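Novice: final_4.cif (mmCIF, C-alpha atoms) pasted underneath:
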data_input
#
loop_
_atom_site.group_PDB
_atom_site.id
_atom_site.type_symbol
_atom_site.label_atom_id
_atom_site.label_comp_id
_atom_site.auth_asym_id
_atom_site.auth_seq_id
_atom_site.Cartn_x
_atom_site.Cartn_y
_atom_site.Cartn_z
ATOM 1 C CA MET B 30 41.246 10.870 -10.971
ATOM 2 C CA TYR B 31 39.426 7.850 -9.682
ATOM 3 C CA GLY B 32 38.667 4.402 -11.007
ATOM 4 C CA LYS B 33 36.280 1.567 -10.348
ATOM 5 C CA GLN B 34 37.497 -1.850 -9.379
ATOM 6 C CA PHE B 35 35.316 -4.812 -10.274
ATOM 7 C CA ALA B 36 34.953 -7.936 -8.166
ATOM 8 C CA SER B 37 35.898 -10.023 -11.210
ATOM 9 C CA MET B 38 39.438 -8.619 -10.915
ATOM 10 C CA TYR B 39 39.911 -10.730 -7.793
ATOM 11 C CA THR B 40 38.606 -13.945 -9.327
ATOM 12 C CA GLY B 41 40.124 -13.648 -12.803
ATOM 13 C CA SER B 42 43.600 -14.356 -14.102
ATOM 14 C CA MET B 43 45.196 -11.983 -11.563
ATOM 15 C CA MET B 44 44.023 -14.220 -8.717
ATOM 16 C CA GLY B 45 47.052 -15.353 -6.747
ATOM 17 C CA SER B 46 49.300 -12.675 -8.253
ATOM 18 C CA GLY B 47 50.056 -11.194 -4.854
ATOM 19 C CA PRO B 48 49.412 -7.850 -3.210
ATOM 20 C CA LEU B 49 51.852 -5.914 -5.394
ATOM 21 C CA ALA B 50 49.947 -6.837 -8.569
ATOM 22 C CA PHE B 51 46.704 -5.534 -7.102
ATOM 23 C CA ALA B 52 48.376 -2.420 -5.671
ATOM 24 C CA VAL B 53 49.963 -1.526 -9.023
ATOM 25 C CA TRP B 54 46.804 -2.322 -10.964
ATOM 26 C CA GLY B 55 44.715 -0.226 -8.571
ATOM 27 C CA TRP B 56 47.195 2.606 -9.093
ATOM 28 C CA VAL B 57 46.850 2.219 -12.878
ATOM 29 C CA ILE B 58 43.049 2.242 -12.727
ATOM 30 C CA SER B 59 42.951 5.377 -10.603
ATOM 31 C CA HIS B 60 45.516 7.264 -12.730
ATOM 32 C CA GLN B 61 44.384 6.358 -16.252
ATOM 33 C CA VAL B 62 43.433 9.328 -18.434
ATOM 34 C CA PRO B 63 40.979 9.228 -21.357
ATOM 35 C CA ASN B 64 41.527 10.770 -24.762
ATOM 36 C CA GLN B 65 38.995 13.358 -25.953
ATOM 37 C CA GLY B 66 36.457 10.786 -27.182
ATOM 38 C CA ARG B 67 36.992 8.462 -24.198
ATOM 39 C CA THR B 68 37.840 5.679 -26.665
ATOM 40 C CA GLU B 69 41.360 5.103 -25.367
ATOM 41 C CA PHE B 70 42.913 5.432 -21.926
ATOM 42 C CA THR B 71 46.565 5.953 -21.145
ATOM 43 C CA VAL B 72 48.564 6.093 -17.952
ATOM 44 C CA GLU B 73 51.939 7.634 -17.226
ATOM 45 C CA LEU B 74 53.658 5.017 -15.146
ATOM 46 C CA ASN B 75 57.079 5.691 -13.657
ATOM 47 C CA PRO B 76 58.051 2.713 -11.442
ATOM 48 C CA ARG B 77 60.016 4.943 -9.048
ATOM 49 C CA MET B 78 57.008 7.214 -8.490
ATOM 50 C CA VAL B 79 54.585 4.284 -8.136
ATOM 51 C CA ALA B 80 56.870 2.503 -5.649
ATOM 52 C CA PHE B 81 57.133 5.689 -3.606
ATOM 53 C CA GLN B 82 53.366 6.255 -3.616
ATOM 54 C CA ILE B 83 52.429 2.644 -2.864
ATOM 55 C CA GLY B 84 55.189 2.182 -0.298
ATOM 56 C CA LYS B 85 56.713 -1.042 1.053
ATOM 57 C CA CYS B 86 58.064 -2.003 -2.378
ATOM 58 C CA SER B 87 61.006 -1.162 -4.606
ATOM 59 C CA GLU B 88 61.184 0.482 -8.003
ATOM 60 C CA GLU B 89 62.476 -2.818 -9.430
ATOM 61 C CA GLU B 90 59.507 -4.769 -8.050
ATOM 62 C CA VAL B 91 57.058 -2.311 -9.636
ATOM 63 C CA ALA B 92 58.973 -2.447 -12.946
ATOM 64 C CA LEU B 93 58.761 -6.260 -12.931
ATOM 65 C CA GLN B 94 55.030 -6.110 -12.205
ATOM 66 C CA VAL B 95 54.495 -3.686 -15.086
ATOM 67 C CA LEU B 96 56.350 -6.115 -17.367
ATOM 68 C CA GLU B 97 53.891 -8.827 -16.259
ATOM 69 C CA PHE B 98 50.970 -6.591 -17.261
ATOM 70 C CA GLU B 99 52.573 -6.173 -20.713
ATOM 71 C CA LYS B 100 52.783 -9.918 -21.346
ATOM 72 C CA PRO B 101 50.050 -11.913 -23.115
ATOM 73 C CA ASP B 102 47.731 -13.583 -20.599
ATOM 74 C CA PRO B 103 46.031 -16.683 -22.042
ATOM 75 C CA GLU B 104 43.972 -16.998 -18.828
ATOM 76 C CA SER B 105 42.491 -13.495 -19.187
ATOM 77 C CA ARG B 106 38.737 -13.155 -19.668
ATOM 78 C CA SER B 107 39.483 -10.401 -22.172
ATOM 79 C CA LYS B 108 40.966 -11.712 -25.399
ATOM 80 C CA GLU B 109 41.720 -8.185 -26.659
ATOM 81 C CA GLU B 110 45.475 -7.723 -27.204
ATOM 82 C CA GLU B 111 45.970 -11.406 -26.206
ATOM 83 C CA GLY B 112 44.909 -10.631 -22.641
ATOM 84 C CA ARG B 113 47.540 -7.967 -22.048
ATOM 85 C CA LYS B 114 46.580 -5.281 -19.541
ATOM 86 C CA LEU B 115 49.041 -2.595 -20.678
ATOM 87 C CA ILE B 116 50.617 -1.695 -24.028
ATOM 88 C CA ARG B 117 53.824 0.364 -23.847
ATOM 89 C CA LEU B 118 53.663 3.480 -26.015
ATOM 90 C CA SER B 119 56.865 5.161 -24.770
ATOM 91 C CA PRO B 120 59.236 4.636 -21.808
ATOM 92 C CA TYR B 121 56.647 5.786 -19.228
ATOM 93 C CA LEU B 122 53.402 5.955 -21.214
ATOM 94 C CA TYR B 123 51.066 2.960 -21.536
ATOM 95 C CA ARG B 124 47.695 2.303 -23.104
ATOM 96 C CA VAL B 125 45.294 0.632 -20.680
ATOM 97 C CA VAL B 126 43.819 -2.108 -22.871
ATOM 98 C CA ASN B 127 40.268 -2.223 -21.489
ATOM 99 C CA GLY B 128 40.172 1.284 -20.038
ATOM 100 C CA ALA B 129 37.374 2.532 -22.308
ATOM 101 C CA HIS B 130 35.270 -0.587 -21.689
ATOM 102 C CA TYR B 131 35.440 -0.227 -17.921
ATOM 103 C CA ASP B 132 34.971 3.526 -18.093
ATOM 104 C CA LYS B 133 31.621 3.003 -19.779
ATOM 105 C CA MET B 134 30.556 0.667 -17.009
ATOM 106 C CA LYS B 135 31.537 3.308 -14.431
ATOM 107 C CA ARG B 136 28.774 5.585 -15.515
ATOM 108 C CA GLU B 137 25.373 4.577 -14.173
ATOM 109 C CA GLU B 138 23.500 5.718 -17.278
ATOM 110 C CA ASP B 139 25.695 3.569 -19.520
ATOM 111 C CA ARG B 140 25.256 0.570 -17.246
ATOM 112 C CA ARG B 141 21.482 0.997 -17.292
ATOM 113 C CA GLU B 142 21.443 1.368 -21.070
ATOM 114 C CA TYR B 143 23.586 -1.753 -21.405
ATOM 115 C CA ASN B 144 21.130 -3.673 -19.197
ATOM 116 C CA ARG B 145 18.118 -2.388 -21.179
ATOM 117 C CA THR B 146 19.710 -3.365 -24.474
ATOM 118 C CA ARG B 147 20.714 -6.780 -23.158
ATOM 119 C CA LEU B 148 17.194 -7.446 -21.835
ATOM 120 C CA LYS B 149 15.717 -6.513 -25.230
ATOM 121 C CA GLU B 150 18.089 -8.986 -26.910
ATOM 122 C CA ILE B 151 17.082 -11.737 -24.485
ATOM 123 C CA ARG B 152 13.381 -11.057 -25.044
ATOM 124 C CA LYS B 153 13.834 -11.022 -28.820
ATOM 125 C CA ALA B 154 15.733 -14.321 -28.726
ATOM 126 C CA ASP B 155 13.074 -15.820 -26.477
ATOM 127 C CA ARG B 156 10.278 -14.768 -28.844
ATOM 128 C CA ALA B 157 12.157 -16.360 -31.735
ATOM 129 C CA ALA B 158 12.685 -19.554 -29.737
ATOM 130 C CA GLN B 159 8.999 -19.590 -28.752
ATOM 131 C CA GLU B 160 8.020 -19.474 -32.427
ATOM 132 C CA VAL B 161 10.366 -22.338 -33.326
ATOM 133 C CA ASN B 162 9.611 -24.583 -30.342
ATOM 134 C CA PRO B 163 7.280 -23.415 -27.568
ATOM 135 C CA ASP B 164 8.519 -26.154 -25.183
ATOM 136 C CA THR B 165 12.193 -25.049 -25.171
ATOM 137 C CA ALA B 166 11.753 -21.292 -24.770
ATOM 138 C CA THR B 167 12.793 -19.733 -21.471
ATOM 139 C CA LYS B 168 10.291 -18.369 -18.975
ATOM 140 C CA LYS B 169 8.935 -14.928 -19.897
ATOM 141 C CA VAL B 170 9.825 -11.969 -17.707
ATOM 142 C CA GLY B 171 6.922 -11.333 -15.355
ATOM 143 C CA GLN B 172 5.378 -14.763 -15.980
ATOM 144 C CA LYS B 173 4.107 -16.412 -12.794
ATOM 145 C CA PHE B 174 5.964 -19.422 -11.456
ATOM 146 C CA ARG B 175 4.185 -22.744 -11.917
ATOM 147 C CA LYS B 176 5.126 -25.414 -9.410
ATOM 148 C CA PRO B 177 6.384 -28.484 -11.301
ATOM 149 C CA ALA B 178 4.731 -31.841 -10.703
ATOM 150 C CA PHE B 179 6.729 -34.587 -8.998
ATOM 151 C CA GLU B 180 6.959 -36.513 -12.294
ATOM 152 C CA GLU B 181 8.439 -33.470 -14.036
ATOM 153 C CA LEU B 182 11.041 -33.135 -11.263
ATOM 154 C CA LYS B 183 11.963 -36.815 -11.606
ATOM 155 C CA LEU B 184 12.531 -36.354 -15.339
ATOM 156 C CA ILE B 185 14.663 -33.259 -14.792
ATOM 157 C CA GLY B 186 16.568 -35.014 -11.994
ATOM 158 C CA ALA B 187 17.262 -38.014 -14.237
ATOM 159 C CA LYS B 188 18.433 -35.694 -17.003
ATOM 160 C CA ILE B 189 21.041 -34.058 -14.734
ATOM 161 C CA GLY B 190 21.964 -37.245 -12.872
ATOM 162 C CA LEU B 191 20.266 -36.428 -9.556
ATOM 163 C CA PRO B 192 19.357 -39.485 -7.451
ATOM 164 C CA ASP B 193 15.619 -40.095 -6.880
ATOM 165 C CA GLU B 194 15.956 -39.587 -3.116
ATOM 166 C CA GLU B 195 17.398 -36.083 -3.706
ATOM 167 C CA VAL B 196 14.530 -35.241 -6.059
ATOM 168 C CA THR B 197 12.089 -36.434 -3.382
ATOM 169 C CA LYS B 198 13.829 -34.318 -0.708
ATOM 170 C CA PHE B 199 13.672 -31.290 -3.003
ATOM 171 C CA PHE B 200 9.976 -31.864 -3.753
ATOM 172 C CA ASN B 201 9.059 -32.423 -0.087
ATOM 173 C CA TYR B 202 10.986 -29.348 1.055
ATOM 174 C CA TYR B 203 9.120 -27.053 -1.293
ATOM 175 C CA GLU B 204 5.793 -28.783 -0.670
ATOM 176 C CA ALA B 205 6.131 -27.985 3.041
#
Output the structure of this file as structure tokens.
Specialist:
Amino acid sequence: MYGKQFASMYTGSMMGSGPLAFAVWGWVISHQVPNQGRTEFTVELNPRMVAFQIGKCSEEEVALQVLEFEKPDPESRSKEEEGRKLIRLSPYLYRVVNGAHYDKMKREEDRREYNRTRLKEIRKADRAAQEVNPDTATKKVGQKFRKPAFEELKLIGAKIGLPDEEVTKFFNYYEA
């Protein structure tokens, strides 16, 4: 089996967990198995076997890391199961909490469909916003960029707390 690791894994709540956390989690991702409908993923996780396969760590260290993955994680981006990564089903069998979600993103067709659907939602919301207030709607996809006037930049700069000299530098840079 194989699994896909996402860059967000290294910037999320596991950041700073140490190399063992990432080694064990990588092992979990690559050994998770889907049910028939790919709606749930499980992994058979024996700490002795994982320690042997990863190397340079003990069975006890792997067991402690697995316990960490079972605990609620309030810092997790995923609020499902209180941020837990694994749910123990039996002594060596675990449910991988977001396995099905990440499996869908593994497949290119699913990712493309997700992006198409999301773009449709954004366009629909933008059309609705345009009807309510044409001045606050976001720029349309494919619409040509219109260079803002210096006065517009000053207003925007004042709104976000940018000093006038920075607004001037910005304007002059793009004018050149």
Novice: Excluding range 31-47 of chain B and residues on its chain fewer than 3 positions from it, collect all residues at most 7 Å away from it, counting all atoms listed in the file, and give them as a PDB file with C-alpha atoms, in the frame of the given file.
Specialist:
ATOM      1  CA  ALA B  50      49.947  -6.837  -8.569  1.00  0.00           C
ATOM      2  CA  PHE B  51      46.704  -5.534  -7.102  1.00  0.00           C
ATOM      3  CA  ILE B  58      43.049   2.242 -12.727  1.00  0.00           C
ATOM      4  CA  SER B  59      42.951   5.377 -10.603  1.00  0.00           C
ATOM      5  CA  HIS B  60      45.516   7.264 -12.730  1.00  0.00           C
ATOM      6  CA  GLU B 104      43.972 -16.998 -18.828  1.00  0.00           C
ATOM      7  CA  SER B 105      42.491 -13.495 -19.187  1.00  0.00           C
ATOM      8  CA  LYS B 135      31.537   3.308 -14.431  1.00  0.00           C
TER       9      LYS B 135
END
Novice: Written as a list of chain:residue names, what is the full residue list that the PyMOL selection byres ((chain B and resi 117) around 12) yields on the file shown?
Specialist: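 Evaluating the PyMOL selection byres ((chain B and resi 117) around 12) on this file yields B:Thr71, B:Val72, B:Glu73, B:Leu74, B:Asn75, B:Val95, B:Leu96, B:Glu97, B:Phe98, B:Glu99, B:Lys100, B:Arg113, B:Lys114, B:Leu115, B:Ile116, B:Leu118, B:Ser119, B:Pro120, B:Tyr121, B:Leu122, B:Tyr123, B:Arg124, B:Val125, B:Val126.
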Novice: In Å to one decimal, how far is CA of Gly84 in chain B from CA of Pro48 in chain B?
Specialist: 11.9 Å
Novice: Rounded to one decimal, what separation in Å do you get between CA of Val53 in chain B and CA of Glu111 in chain B?
Specialist: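 If I compute the distance from CA of Val53 in chain B to CA of Glu111 in chain B, I get 20.2 Å.
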Novice: Given the file shown, determine the residues that the PyMOL selection byres ((chain B and resi 91) around 9) selects; report them as JSON, numbers by chain.
Specialist: {"B": [49, 50, 53, 75, 76, 77, 79, 80, 86, 87, 88, 89, 90, 92, 93, 94, 95, 96]}
Novice: Where does the PyMOL selection byres ((chain B and resi 183) around 12) land in this file, that is, which residues does it pick, as a list of chain:residue names?
Specialist: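 Written out, the selection comes to B:Pro177, B:Ala178, B:Phe179, B:Glu180, B:Glu181, B:Leu182, B:Leu184, B:Ile185, B:Gly186, B:Ala187, B:Lys188, B:Ile189, B:Gly190, B:Leu191, B:Pro192, B:Asp193, B:Glu194, B:Glu195, B:Val196, B:Thr197, B:Lys198, B:Phe199, B:Phe200.
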Novice: For the selection just defined, write its residues with C-alpha atoms to a file, as an mmCIF file, in the coordinates of the input.
Specialist:
data_model
loop_
_atom_site.group_PDB
_atom_site.id
_atom_site.type_symbol
_atom_site.label_atom_id
_atom_site.label_comp_id
_atom_site.auth_asym_id
_atom_site.auth_seq_id
_atom_site.Cartn_x
_atom_site.Cartn_y
_atom_site.Cartn_z
ATOM 1 C CA PRO B 177 6.384 -28.484 -11.301
ATOM 2 C CA ALA B 178 4.731 -31.841 -10.703
ATOM 3 C CA PHE B 179 6.729 -34.587 -8.998
ATOM 4 C CA GLU B 180 6.959 -36.513 -12.294
ATOM 5 C CA GLU B 181 8.439 -33.470 -14.036
ATOM 6 C CA LEU B 182 11.041 -33.135 -11.263
ATOM 7 C CA LEU B 184 12.531 -36.354 -15.339
ATOM 8 C CA ILE B 185 14.663 -33.259 -14.792
ATOM 9 C CA GLY B 186 16.568 -35.014 -11.994
ATOM 10 C CA ALA B 187 17.262 -38.014 -14.237
ATOM 11 C CA LYS B 188 18.433 -35.694 -17.003
ATOM 12 C CA ILE B 189 21.041 -34.058 -14.734
ATOM 13 C CA GLY B 190 21.964 -37.245 -12.872
ATOM 14 C CA LEU B 191 20.266 -36.428 -9.556
ATOM 15 C CA PRO B 192 19.357 -39.485 -7.451
ATOM 16 C CA ASP B 193 15.619 -40.095 -6.880
ATOM 17 C CA GLU B 194 15.956 -39.587 -3.116
ATOM 18 C CA GLU B 195 17.398 -36.083 -3.706
ATOM 19 C CA VAL B 196 14.530 -35.241 -6.059
ATOM 20 C CA THR B 197 12.089 -36.434 -3.382
ATOM 21 C CA LYS B 198 13.829 -34.318 -0.708
ATOM 22 C CA PHE B 199 13.672 -31.290 -3.003
ATOM 23 C CA PHE B 200 9.976 -31.864 -3.753
#
Novice: Between CA of Glu69 in chain B and CA of Trp54 in chain B, what is the distance, to one decimal in Å?
Specialist: 17.1 Å
